[in-house]
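Shown next: final01.cif, containing mmCIF, C-alpha atoms.
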data_protein
loop_
_atom_site.group_PDB
_atom_site.id
_atom_site.type_symbol
_atom_site.label_atom_id
_atom_site.label_comp_id
_atom_site.auth_asym_id
_atom_site.auth_seq_id
_atom_site.Cartn_x
_atom_site.Cartn_y
_atom_site.Cartn_z
ATOM 1 C CA MET A 1 -7.425 4.166 6.206
ATOM 2 C CA LEU A 2 -4.614 1.830 7.175
ATOM 3 C CA VAL A 3 -2.288 0.699 4.369
ATOM 4 C CA LEU A 4 -0.249 -2.406 5.211
ATOM 5 C CA LEU A 5 2.966 -3.143 3.315
ATOM 6 C CA PRO A 6 5.447 -5.994 3.421
ATOM 7 C CA PRO A 7 9.107 -5.063 3.855
ATOM 8 C CA SER A 8 11.400 -5.447 0.881
ATOM 9 C CA GLU A 9 13.814 -8.354 0.767
ATOM 10 C CA GLY A 10 16.603 -6.015 -0.277
ATOM 11 C CA LYS A 11 17.536 -3.244 2.139
ATOM 12 C CA THR A 12 19.833 -0.258 1.732
ATOM 13 C CA PRO A 13 22.181 0.303 4.703
ATOM 14 C CA ALA A 14 22.234 3.723 6.323
ATOM 15 C CA PRO A 15 25.295 5.957 5.873
ATOM 16 C CA ASP A 16 28.166 4.919 8.135
ATOM 17 C CA ASP A 17 27.949 8.162 10.121
ATOM 18 C CA ALA A 18 24.200 7.882 10.793
ATOM 19 C CA ALA A 19 22.986 7.590 14.380
ATOM 20 C CA PRO A 20 22.216 4.075 15.617
ATOM 21 C CA LEU A 21 18.846 2.539 16.352
ATOM 22 C CA ASP A 22 16.783 4.187 19.091
ATOM 23 C CA LEU A 23 14.176 1.592 19.931
ATOM 24 C CA GLU A 24 12.240 3.963 22.173
ATOM 25 C CA ALA A 25 11.750 6.408 19.285
ATOM 26 C CA LEU A 26 9.899 3.917 17.066
ATOM 27 C CA HIS A 27 6.146 4.119 16.608
ATOM 28 C CA HIS A 28 4.106 1.518 18.515
ATOM 29 C CA PRO A 29 6.340 1.369 21.626
ATOM 30 C CA GLY A 30 4.103 -1.328 23.056
ATOM 31 C CA LEU A 31 5.891 -3.716 20.680
ATOM 32 C CA ASN A 32 9.331 -2.986 22.166
ATOM 33 C CA PRO A 33 9.471 -6.013 24.508
ATOM 34 C CA TRP A 34 8.865 -8.274 21.514
ATOM 35 C CA ARG A 35 11.274 -6.313 19.347
ATOM 36 C CA ARG A 36 13.985 -6.937 21.930
ATOM 37 C CA LYS A 37 13.180 -10.654 22.080
ATOM 38 C CA VAL A 38 13.391 -11.018 18.305
ATOM 39 C CA LEU A 39 16.582 -8.920 18.138
ATOM 40 C CA ASP A 40 18.247 -11.157 20.735
ATOM 41 C CA ALA A 41 17.113 -14.376 19.055
ATOM 42 C CA LEU A 42 18.212 -13.106 15.647
ATOM 43 C CA ALA A 43 21.671 -12.163 16.932
ATOM 44 C CA ALA A 44 22.049 -15.588 18.544
ATOM 45 C CA VAL A 45 21.136 -17.530 15.408
ATOM 46 C CA SER A 46 23.177 -15.220 13.169
ATOM 47 C CA ALA A 47 26.323 -16.181 15.121
ATOM 48 C CA ARG A 48 25.800 -19.891 14.392
ATOM 49 C CA PRO A 49 27.567 -21.745 11.564
ATOM 50 C CA ASP A 50 24.181 -22.723 10.121
ATOM 51 C CA ALA A 51 22.790 -19.164 10.229
ATOM 52 C CA ALA A 52 22.222 -18.985 6.473
ATOM 53 C CA ARG A 53 20.189 -22.207 6.491
ATOM 54 C CA VAL A 54 18.042 -21.185 9.462
ATOM 55 C CA LEU A 55 17.403 -17.728 8.015
ATOM 56 C CA GLY A 56 16.687 -19.092 4.543
ATOM 57 C CA LEU A 57 19.476 -17.112 2.895
ATOM 58 C CA GLY A 58 20.958 -18.092 -0.450
ATOM 59 C CA PRO A 59 24.695 -18.248 -1.160
ATOM 60 C CA SER A 60 24.772 -14.693 -2.498
ATOM 61 C CA SER A 61 23.231 -13.226 0.665
ATOM 62 C CA ALA A 62 24.556 -15.565 3.369
ATOM 63 C CA ALA A 63 27.244 -13.049 4.369
ATOM 64 C CA GLU A 64 24.498 -10.567 5.231
ATOM 65 C CA ALA A 65 23.678 -12.622 8.320
ATOM 66 C CA GLU A 66 26.757 -11.007 9.878
ATOM 67 C CA ARG A 67 24.939 -7.661 9.760
ATOM 68 C CA ASN A 68 22.415 -9.064 12.227
ATOM 69 C CA LEU A 69 25.097 -9.374 14.907
ATOM 70 C CA ARG A 70 25.481 -5.609 15.338
ATOM 71 C CA LEU A 71 21.984 -4.223 14.831
ATOM 72 C CA PRO A 72 21.623 -2.227 18.082
ATOM 73 C CA GLU A 73 24.831 -0.312 17.277
ATOM 74 C CA ALA A 74 24.469 -0.218 13.478
ATOM 75 C CA PRO A 75 23.679 3.075 11.708
ATOM 76 C CA ALA A 76 19.955 3.556 11.165
ATOM 77 C CA GLU A 77 17.912 5.342 8.501
ATOM 78 C CA GLN A 78 14.214 5.978 7.911
ATOM 79 C CA ALA A 79 12.394 2.808 6.891
ATOM 80 C CA ARG A 80 11.182 4.458 3.678
ATOM 81 C CA ARG A 81 14.847 4.685 2.594
ATOM 82 C CA VAL A 82 16.064 1.359 4.009
ATOM 83 C CA TYR A 83 13.399 -0.676 2.186
ATOM 84 C CA THR A 84 14.101 -0.836 -1.523
ATOM 85 C CA GLY A 85 12.761 -2.931 -4.361
ATOM 86 C CA VAL A 86 9.989 -2.724 -6.907
ATOM 87 C CA LEU A 87 7.079 -1.812 -4.619
ATOM 88 C CA TYR A 88 8.986 0.884 -2.742
ATOM 89 C CA ALA A 89 10.514 2.343 -5.896
ATOM 90 C CA ALA A 90 7.059 2.610 -7.474
ATOM 91 C CA ALA A 91 5.532 4.146 -4.336
ATOM 92 C CA GLY A 92 8.332 6.709 -4.037
ATOM 93 C CA LEU A 93 7.922 6.962 -0.269
ATOM 94 C CA ASP A 94 11.504 8.192 0.052
ATOM 95 C CA SER A 95 10.652 11.360 -1.888
ATOM 96 C CA LEU A 96 7.478 12.311 -0.001
ATOM 97 C CA GLU A 97 7.339 15.728 1.623
ATOM 98 C CA GLY A 98 4.846 17.918 3.435
ATOM 99 C CA ALA A 99 1.231 16.778 3.435
ATOM 100 C CA ALA A 100 2.013 13.605 1.477
ATOM 101 C CA LEU A 101 4.625 12.523 4.028
ATOM 102 C CA ALA A 102 2.262 13.344 6.895
ATOM 103 C CA ARG A 103 -0.409 11.194 5.243
ATOM 104 C CA ALA A 104 2.036 8.297 4.879
ATOM 105 C CA GLU A 105 3.091 8.721 8.494
ATOM 106 C CA GLY A 106 -0.488 8.525 9.663
ATOM 107 C CA HIS A 107 -1.827 5.834 7.367
ATOM 108 C CA VAL A 108 0.988 3.558 6.087
ATOM 109 C CA ARG A 109 2.606 0.791 8.121
ATOM 110 C CA VAL A 110 5.196 -1.840 7.227
ATOM 111 C CA VAL A 111 4.613 -5.235 8.845
ATOM 112 C CA SER A 112 8.090 -6.494 9.755
ATOM 113 C CA ALA A 113 9.465 -9.808 10.982
ATOM 114 C CA LEU A 114 11.927 -7.949 13.213
ATOM 115 C CA TRP A 115 10.104 -4.769 14.271
ATOM 116 C CA GLY A 116 6.456 -5.845 14.126
ATOM 117 C CA LEU A 117 5.197 -2.532 12.727
ATOM 118 C CA LEU A 118 7.038 0.476 11.347
ATOM 119 C CA ALA A 119 5.937 3.896 10.194
ATOM 120 C CA PRO A 120 7.775 5.157 7.088
ATOM 121 C CA THR A 121 9.931 7.571 9.089
ATOM 122 C CA ASP A 122 10.955 5.126 11.810
ATOM 123 C CA ARG A 123 14.748 4.808 11.759
ATOM 124 C CA VAL A 124 16.099 1.248 11.615
ATOM 125 C CA PRO A 125 19.296 -0.466 10.451
ATOM 126 C CA ALA A 126 19.412 -2.784 7.459
ATOM 127 C CA TYR A 127 18.931 -6.424 8.468
ATOM 128 C CA ARG A 128 18.072 -9.865 7.079
ATOM 129 C CA LEU A 129 15.015 -11.638 8.469
ATOM 130 C CA SER A 130 11.755 -12.692 6.857
ATOM 131 C CA MET A 131 8.413 -13.574 8.410
ATOM 132 C CA GLY A 132 8.600 -17.159 7.149
ATOM 133 C CA VAL A 133 11.578 -17.926 9.424
ATOM 134 C CA ARG A 134 11.309 -20.107 12.529
ATOM 135 C CA LEU A 135 13.726 -18.572 15.048
ATOM 136 C CA PRO A 136 15.168 -20.990 17.614
ATOM 137 C CA GLY A 137 13.720 -20.209 21.015
ATOM 138 C CA LEU A 138 10.781 -18.276 19.574
ATOM 139 C CA GLY A 139 9.287 -20.374 16.799
ATOM 140 C CA PRO A 140 7.560 -19.200 13.607
ATOM 141 C CA LEU A 141 7.661 -15.417 13.497
ATOM 142 C CA ALA A 142 4.119 -14.983 12.199
ATOM 143 C CA GLY A 143 2.970 -16.726 15.387
ATOM 144 C CA VAL A 144 5.321 -14.660 17.557
ATOM 145 C CA TRP A 145 3.834 -11.411 16.279
ATOM 146 C CA ARG A 146 0.177 -12.439 16.059
ATOM 147 C CA GLY A 147 -0.731 -11.567 19.635
ATOM 148 C CA PRO A 148 1.348 -8.380 19.955
ATOM 149 C CA LEU A 149 0.062 -7.011 16.642
ATOM 150 C CA ALA A 150 -3.528 -7.765 17.651
ATOM 151 C CA ASP A 151 -2.960 -5.925 20.934
ATOM 152 C CA GLU A 152 -1.510 -2.970 19.018
ATOM 153 C CA LEU A 153 -3.872 -2.754 16.055
ATOM 154 C CA ASP A 154 -7.255 -4.189 16.997
ATOM 155 C CA GLU A 155 -8.218 -1.085 18.971
ATOM 156 C CA GLU A 156 -7.029 1.232 16.162
ATOM 157 C CA VAL A 157 -9.064 -0.170 13.275
ATOM 158 C CA PRO A 158 -12.773 -0.225 14.237
ATOM 159 C CA GLY A 159 -14.604 1.190 11.224
ATOM 160 C CA ARG A 160 -11.322 1.887 9.426
ATOM 161 C CA LEU A 161 -10.573 0.869 5.826
ATOM 162 C CA VAL A 162 -7.646 -1.578 5.679
ATOM 163 C CA VAL A 163 -5.749 -1.672 2.370
ATOM 164 C CA ASP A 164 -3.701 -4.861 2.499
ATOM 165 C CA CYS A 165 -0.678 -5.094 0.191
ATOM 166 C CA ARG A 166 1.094 -7.787 2.224
ATOM 167 C CA SER A 167 2.313 -11.133 0.955
ATOM 168 C CA ALA A 168 0.945 -14.320 2.537
ATOM 169 C CA ASP A 169 3.705 -14.769 5.163
ATOM 170 C CA TYR A 170 3.176 -11.252 6.497
ATOM 171 C CA ALA A 171 -0.605 -11.421 6.269
ATOM 172 C CA ALA A 172 -0.452 -14.443 8.595
ATOM 173 C CA ALA A 173 0.848 -12.225 11.411
ATOM 174 C CA TRP A 174 -2.366 -10.183 11.732
ATOM 175 C CA ARG A 175 -5.882 -10.244 10.331
ATOM 176 C CA PRO A 176 -8.200 -7.262 10.820
ATOM 177 C CA PRO A 177 -10.894 -7.977 13.419
ATOM 178 C CA ARG A 178 -14.572 -7.937 12.535
ATOM 179 C CA THR A 179 -14.824 -4.453 14.028
ATOM 180 C CA ALA A 180 -12.625 -3.079 11.232
ATOM 181 C CA GLY A 181 -14.156 -1.404 8.218
ATOM 182 C CA ASP A 182 -13.680 -2.764 4.714
ATOM 183 C CA TRP A 183 -10.647 -5.058 4.398
ATOM 184 C CA VAL A 184 -9.363 -4.814 0.835
ATOM 185 C CA GLY A 185 -6.552 -6.865 -0.663
ATOM 186 C CA VAL A 186 -4.896 -5.733 -3.887
ATOM 187 C CA ARG A 187 -4.739 -8.182 -6.812
ATOM 188 C CA VAL A 188 -3.084 -7.427 -10.131
ATOM 189 C CA VAL A 189 -4.234 -9.014 -13.409
ATOM 190 C CA ARG A 190 -3.188 -8.844 -17.024
ATOM 191 C CA GLY A 191 -5.533 -10.055 -19.720
ATOM 192 C CA GLY A 192 -7.776 -11.501 -17.019
ATOM 193 C CA ARG A 193 -4.946 -13.564 -15.457
ATOM 194 C CA VAL A 194 -3.409 -12.905 -12.052
ATOM 195 C CA VAL A 195 0.218 -11.842 -12.464
ATOM 196 C CA SER A 196 3.079 -11.589 -9.987
ATOM 197 C CA HIS A 197 5.713 -9.879 -12.121
ATOM 198 C CA HIS A 198 3.881 -6.546 -12.251
ATOM 199 C CA ALA A 199 2.030 -6.883 -8.952
ATOM 200 C CA LYS A 200 4.565 -5.178 -6.694
ATOM 201 C CA HIS A 201 4.942 -2.289 -9.126
ATOM 202 C CA ALA A 202 1.184 -1.736 -9.404
ATOM 203 C CA ARG A 203 0.711 -1.931 -5.643
ATOM 204 C CA GLY A 204 3.513 0.579 -5.183
ATOM 205 C CA LEU A 205 1.896 2.969 -7.654
ATOM 206 C CA LEU A 206 -1.368 2.689 -5.718
ATOM 207 C CA VAL A 207 0.297 3.389 -2.357
ATOM 208 C CA GLY A 208 2.164 6.400 -3.729
ATOM 209 C CA HIS A 209 -1.035 7.742 -5.260
ATOM 210 C CA LEU A 210 -2.973 7.338 -2.013
ATOM 211 C CA CYS A 211 -0.304 9.378 -0.228
ATOM 212 C CA ARG A 212 -0.022 12.163 -2.825
ATOM 213 C CA ARG A 213 -3.582 12.641 -4.058
ATOM 214 C CA PRO A 214 -5.424 15.745 -2.817
ATOM 215 C CA GLY A 215 -8.549 15.525 -0.740
ATOM 216 C CA ALA A 216 -9.607 13.178 2.031
ATOM 217 C CA VAL A 217 -8.324 9.634 2.362
ATOM 218 C CA PRO A 218 -10.737 6.866 1.258
ATOM 219 C CA GLU A 219 -12.998 5.547 4.003
ATOM 220 C CA ASP A 220 -14.307 2.354 2.376
ATOM 221 C CA ALA A 221 -13.836 0.011 -0.586
ATOM 222 C CA GLU A 222 -15.837 2.219 -2.942
ATOM 223 C CA GLY A 223 -13.769 5.247 -2.009
ATOM 224 C CA LEU A 224 -10.595 3.241 -2.590
ATOM 225 C CA LEU A 225 -11.884 2.167 -5.995
ATOM 226 C CA ALA A 226 -12.594 5.780 -6.945
ATOM 227 C CA ALA A 227 -9.078 6.775 -5.882
ATOM 228 C CA ALA A 228 -7.551 3.887 -7.859
ATOM 229 C CA ARG A 229 -9.417 4.939 -10.995
ATOM 230 C CA GLU A 230 -7.746 8.351 -10.773
ATOM 231 C CA MET A 231 -4.412 6.715 -11.589
ATOM 232 C CA LEU A 232 -5.459 4.946 -14.790
ATOM 233 C CA ASP A 233 -2.791 5.455 -17.465
ATOM 234 C CA GLY A 234 -0.692 3.403 -19.851
ATOM 235 C CA HIS A 235 0.319 0.995 -17.087
ATOM 236 C CA VAL A 236 -2.822 0.645 -14.952
ATOM 237 C CA LEU A 237 -5.707 0.205 -17.385
ATOM 238 C CA GLY A 238 -8.603 -0.570 -15.098
ATOM 239 C CA ALA A 239 -9.754 -1.079 -11.513
ATOM 240 C CA ARG A 240 -12.683 -2.948 -9.987
ATOM 241 C CA ILE A 241 -13.806 -4.435 -6.675
ATOM 242 C CA VAL A 242 -14.291 -8.219 -6.771
ATOM 243 C CA PRO A 243 -15.088 -10.835 -4.101
ATOM 244 C CA GLY A 244 -12.207 -12.182 -2.059
ATOM 245 C CA THR A 245 -12.036 -14.819 0.660
ATOM 246 C CA GLY A 246 -14.114 -14.498 3.797
ATOM 247 C CA ARG A 247 -14.494 -10.862 4.847
ATOM 248 C CA GLN A 248 -11.822 -9.614 2.480
ATOM 249 C CA VAL A 249 -12.696 -8.092 -0.872
ATOM 250 C CA LEU A 250 -10.167 -7.379 -3.607
ATOM 251 C CA LEU A 251 -9.246 -4.258 -5.485
ATOM 252 C CA GLU A 252 -8.309 -5.747 -8.843
ATOM 253 C CA LEU A 253 -5.928 -3.640 -10.919
ATOM 254 C CA GLU A 254 -5.641 -4.422 -14.636
ATOM 255 C CA VAL A 255 -2.171 -3.706 -16.018
ATOM 256 C CA GLY A 256 -1.011 -3.472 -19.619
#

Whole structure, structure tokens version:
Amino acid sequence: MLVLLPPSEGKTPAPDDAAPLDLEALHHPGLNPWRRKVLDALAAVSARPDAARVLGLGPSSAAEAERNLRLPEAPAEQARRVYTGVLYAAAGLDSLEGAALARAEGHVRVVSALWGLLAPTDRVPAYRLSMGVRLPGLGPLAGVWRGPLADELDEEVPGRLVVDCRSADYAAAWRPPRTAGDWVGVRVVRGGRVVSHHAKHARGLLVGHLCRRPGAVPEDAEGLLAAAREMLDGHVLGARIVPGTGRQVLLELEVG
């Protein structure tokens, strides 16, 4: 099983006395040449007067572009604590220990506009960059990462269940090859209608459950459905597999 998450828009900075980024210590070291290229391009654009416009930042977050100027020296923390927001709060990755943390480490990856891929325990600084940005000198970031992510992941996923919780911008950076096992997106509905307000929360609950539940990890869509039905409660009322687009099928979660 490979669970793919988007990063959160909001990020919690590491403590001031935390050690800085160690690029060589991150999972997927084959991505490091591209990580360096994106880091350099991000620092260059963040020093420009129009940085907020290029990075798509609103007035309340424009000042955060300054953080991008010092990322290699900035204090770093595990990704599961840097990424905050509804999905990550519901998943509770920051509180995982023991076997649950080992499962997350082996099966959960964050698809990032800056780092390409991160495991939950990879230490990174807080930053501002989204996959929908077109960085001067590099172009659209989904296109920048498409080849490197294929090189990194395509050989890892033959026959492997892919649980895709990414948003559209991040999904554009990599699609599982035909050699992968079941490719399952996660859709959230309420009263038969697709909803966005509760979607991140429900996806987070699913990810946390997949990490904490006893027994083997699911190997296919039916196994994922059985695992999802274990978490039915007052919030998640039902789960079913429905057709998606192309090779992807959908795990549809009904929320109250």

Val236 in chain A environment, 10 Å, all atoms listed in the file, sequence neighbours closer than 6 positions dropped, as a list in words: Val188, Val189, Arg190, Ala202, Leu205, Leu206, Ala228, Arg229, Leu253, Glu254, Val255 and Gly256 of chain A

With C-alpha atoms retained, write the just-selected residues as an mmCIF file, in the coordinates of the input.
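Listing of again.cif after writing:
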data_model
loop_
_atom_site.group_PDB
_atom_site.id
_atom_site.type_symbol
_atom_site.label_atom_id
_atom_site.label_comp_id
_atom_site.auth_asym_id
_atom_site.auth_seq_id
_atom_site.Cartn_x
_atom_site.Cartn_y
_atom_site.Cartn_z
ATOM 1 C CA VAL A 188 -3.084 -7.427 -10.131
ATOM 2 C CA VAL A 189 -4.234 -9.014 -13.409
ATOM 3 C CA ARG A 190 -3.188 -8.844 -17.024
ATOM 4 C CA ALA A 202 1.184 -1.736 -9.404
ATOM 5 C CA LEU A 205 1.896 2.969 -7.654
ATOM 6 C CA LEU A 206 -1.368 2.689 -5.718
ATOM 7 C CA ALA A 228 -7.551 3.887 -7.859
ATOM 8 C CA ARG A 229 -9.417 4.939 -10.995
ATOM 9 C CA LEU A 253 -5.928 -3.640 -10.919
ATOM 10 C CA GLU A 254 -5.641 -4.422 -14.636
ATOM 11 C CA VAL A 255 -2.171 -3.706 -16.018
ATOM 12 C CA GLY A 256 -1.011 -3.472 -19.619
#

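Atom pair CA of Pro125 in chain A / CA of Val82 in chain A: separated by 7.4 Å.
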
Carefully work through the PyMOL selection byres ((chain A and resi 74) around 10) for this structure and note down the residues it includes, as an MDAnalysis selection string. chainID A and resid 13:21 67:73 75:77 124:127

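From CA of Val86 in chain A back to CA of Gly234 in chain A, the distance works out to 17.9 Å.
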
So which residues get picked by the PyMOL selection byres ((chain A and resi 2-4) around 6) here, written as a PyMOL selection string? chain A and resi 1+5+107-110+162-165

Write out as a list in words the residues lying within 12 Å of Asp220 in chain A, counting only C-alpha atoms and excluding same-chain residues fewer than 6 positions away. Met1, Leu2, Gly159, Arg160, Leu161, Val162, Val163, Ala180, Gly181, Asp182, Trp183, Val184, Ala226, Ala227, Ile241, Val249 and Leu251 of chain A

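Atom pair CA of Leu135 in chain A / CA of Pro7 in chain A has a distance of 18.1 Å (rounded to one decimal).
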
Run the PyMOL selection byres ((chain A and resi 246) around 12) against the file shown and list the residues it catches, as a ChimeraX atom specification. /A:175-176,178,182-185,243-245,247-250

I'd like the box whose edges run along x, y and z of the file and which contains every listed atom of range 91-110 of chain A, padded by 5 Å per side; could you state its centre and edge lengths in Å, one decimal, as lines of an AutoDock Vina configuration file?
center_x = 4.8
center_y = 8.0
center_z = 2.7
size_x = 23.3
size_y = 29.8
size_z = 24.0

Which residues are close to Arg203 in chain A, i.e. within 9 Å by all atoms listed in the file, leaving aside same-chain residues fewer than 4 positions away? Reply as a list in words. Leu87, Ala90, Ala91, Cys165, Val186, Arg187, Val188, His198, Ala199, Val207, Gly208 and Leu253 of chain A

When you look at Arg134 in chain A with a cut-off of 8 Å (counting all atoms listed in the file), what residues show up, excluding the ones that are within fewer than 5 positions of it in the same chain? I need them as a PyMOL selection string. chain A and resi 54-55+139-141

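Nearest to Arg36 in chain A of all the residues A:Ala51, A:Pro59, A:Gly116, A:Arg103 is A:Gly116, based on only C-alpha atoms.
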
Nearest to Ser46 in chain A: which of A:Gly10, A:Gly215, A:Pro136, A:Pro33 is it, counting all atoms listed in the file? A:Pro136

For Ala79 in chain A, which residue out of A:Leu93, A:Leu39, A:Ala168, A:Leu210 is the nearest one, using only C-alpha atoms?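 Smallest separation from Ala79 in chain A among the options: A:Leu93.
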
Can you pull out the residues contacting Trp145 in chain A? Cut-off 12 Å, using only C-alpha atoms, and skip same-chain residues under 2 positions away; I want them as a ChimeraX atom specification. /A:31-35,37-38,111-117,131-132,138-143,147-153,169-175

Restricting to all atoms listed in the file, whichever of A:Gly137, A:Arg80, A:His235, A:Arg212 is closest to Gly98 in chain A is A:Arg212

As a PDB file, keeping the file's coordinate frame, could you write out range 110-125 of chain A once it has been completed with N, CA, C and O atoms?
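Wrote part.pdb, looks like this:
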ATOM      1  N   VAL A 110       4.491  -0.659   7.722  1.00  0.00           N
ATOM      2  CA  VAL A 110       5.196  -1.840   7.227  1.00  0.00           C
ATOM      3  C   VAL A 110       5.101  -2.917   8.300  1.00  0.00           C
ATOM      4  O   VAL A 110       5.429  -2.672   9.468  1.00  0.00           O
ATOM      5  N   VAL A 111       4.646  -4.093   7.928  1.00  0.00           N
ATOM      6  CA  VAL A 111       4.613  -5.235   8.845  1.00  0.00           C
ATOM      7  C   VAL A 111       5.951  -5.959   8.698  1.00  0.00           C
ATOM      8  O   VAL A 111       6.300  -6.425   7.625  1.00  0.00           O
ATOM      9  N   SER A 112       6.703  -6.028   9.794  1.00  0.00           N
ATOM     10  CA  SER A 112       8.090  -6.494   9.755  1.00  0.00           C
ATOM     11  C   SER A 112       8.295  -7.705  10.648  1.00  0.00           C
ATOM     12  O   SER A 112       7.757  -7.770  11.757  1.00  0.00           O
ATOM     13  N   ALA A 113       9.129  -8.638  10.180  1.00  0.00           N
ATOM     14  CA  ALA A 113       9.465  -9.808  10.982  1.00  0.00           C
ATOM     15  C   ALA A 113      10.303  -9.443  12.195  1.00  0.00           C
ATOM     16  O   ALA A 113      10.290 -10.153  13.199  1.00  0.00           O
ATOM     17  N   LEU A 114      11.036  -8.350  12.118  1.00  0.00           N
ATOM     18  CA  LEU A 114      11.927  -7.949  13.213  1.00  0.00           C
ATOM     19  C   LEU A 114      11.302  -6.882  14.101  1.00  0.00           C
ATOM     20  O   LEU A 114      11.437  -6.921  15.323  1.00  0.00           O
ATOM     21  N   TRP A 115      10.596  -5.919  13.512  1.00  0.00           N
ATOM     22  CA  TRP A 115      10.104  -4.769  14.271  1.00  0.00           C
ATOM     23  C   TRP A 115       8.601  -4.816  14.533  1.00  0.00           C
ATOM     24  O   TRP A 115       8.094  -3.971  15.256  1.00  0.00           O
ATOM     25  N   GLY A 116       7.903  -5.766  13.953  1.00  0.00           N
ATOM     26  CA  GLY A 116       6.456  -5.845  14.126  1.00  0.00           C
ATOM     27  C   GLY A 116       5.731  -4.879  13.218  1.00  0.00           C
ATOM     28  O   GLY A 116       5.128  -5.274  12.224  1.00  0.00           O
ATOM     29  N   LEU A 117       5.791  -3.598  13.532  1.00  0.00           N
ATOM     30  CA  LEU A 117       5.197  -2.532  12.727  1.00  0.00           C
ATOM     31  C   LEU A 117       6.171  -1.368  12.669  1.00  0.00           C
ATOM     32  O   LEU A 117       6.811  -1.041  13.665  1.00  0.00           O
ATOM     33  N   LEU A 118       6.238  -0.736  11.495  1.00  0.00           N
ATOM     34  CA  LEU A 118       7.038   0.476  11.347  1.00  0.00           C
ATOM     35  C   LEU A 118       6.256   1.527  10.581  1.00  0.00           C
ATOM     36  O   LEU A 118       5.562   1.205   9.606  1.00  0.00           O
ATOM     37  N   ALA A 119       6.376   2.773  11.007  1.00  0.00           N
ATOM     38  CA  ALA A 119       5.937   3.896  10.194  1.00  0.00           C
ATOM     39  C   ALA A 119       7.052   4.225   9.204  1.00  0.00           C
ATOM     40  O   ALA A 119       8.218   3.878   9.432  1.00  0.00           O
ATOM     41  N   PRO A 120       6.745   4.896   8.100  1.00  0.00           N
ATOM     42  CA  PRO A 120       7.775   5.157   7.088  1.00  0.00           C
ATOM     43  C   PRO A 120       8.982   5.925   7.591  1.00  0.00           C
ATOM     44  O   PRO A 120      10.085   5.754   7.067  1.00  0.00           O
ATOM     45  N   THR A 121       8.808   6.772   8.605  1.00  0.00           N
ATOM     46  CA  THR A 121       9.931   7.571   9.089  1.00  0.00           C
ATOM     47  C   THR A 121      10.650   6.960  10.282  1.00  0.00           C
ATOM     48  O   THR A 121      11.595   7.555  10.806  1.00  0.00           O
ATOM     49  N   ASP A 122      10.227   5.801  10.737  1.00  0.00           N
ATOM     50  CA  ASP A 122      10.955   5.126  11.810  1.00  0.00           C
ATOM     51  C   ASP A 122      12.353   4.770  11.323  1.00  0.00           C
ATOM     52  O   ASP A 122      12.524   4.212  10.234  1.00  0.00           O
ATOM     53  N   ARG A 123      13.356   5.038  12.133  1.00  0.00           N
ATOM     54  CA  ARG A 123      14.748   4.808  11.759  1.00  0.00           C
ATOM     55  C   ARG A 123      15.196   3.437  12.240  1.00  0.00           C
ATOM     56  O   ARG A 123      15.148   3.141  13.439  1.00  0.00           O
ATOM     57  N   VAL A 124      15.641   2.607  11.308  1.00  0.00           N
ATOM     58  CA  VAL A 124      16.099   1.248  11.615  1.00  0.00           C
ATOM     59  C   VAL A 124      17.344   0.932  10.792  1.00  0.00           C
ATOM     60  O   VAL A 124      17.569   1.526   9.740  1.00  0.00           O
ATOM     61  N   PRO A 125      18.163  -0.019  11.259  1.00  0.00           N
ATOM     62  CA  PRO A 125      19.296  -0.466  10.451  1.00  0.00           C
ATOM     63  C   PRO A 125      18.849  -1.494   9.420  1.00  0.00           C
ATOM     64  O   PRO A 125      17.777  -2.099   9.541  1.00  0.00           O
TER      65      PRO A 125
END
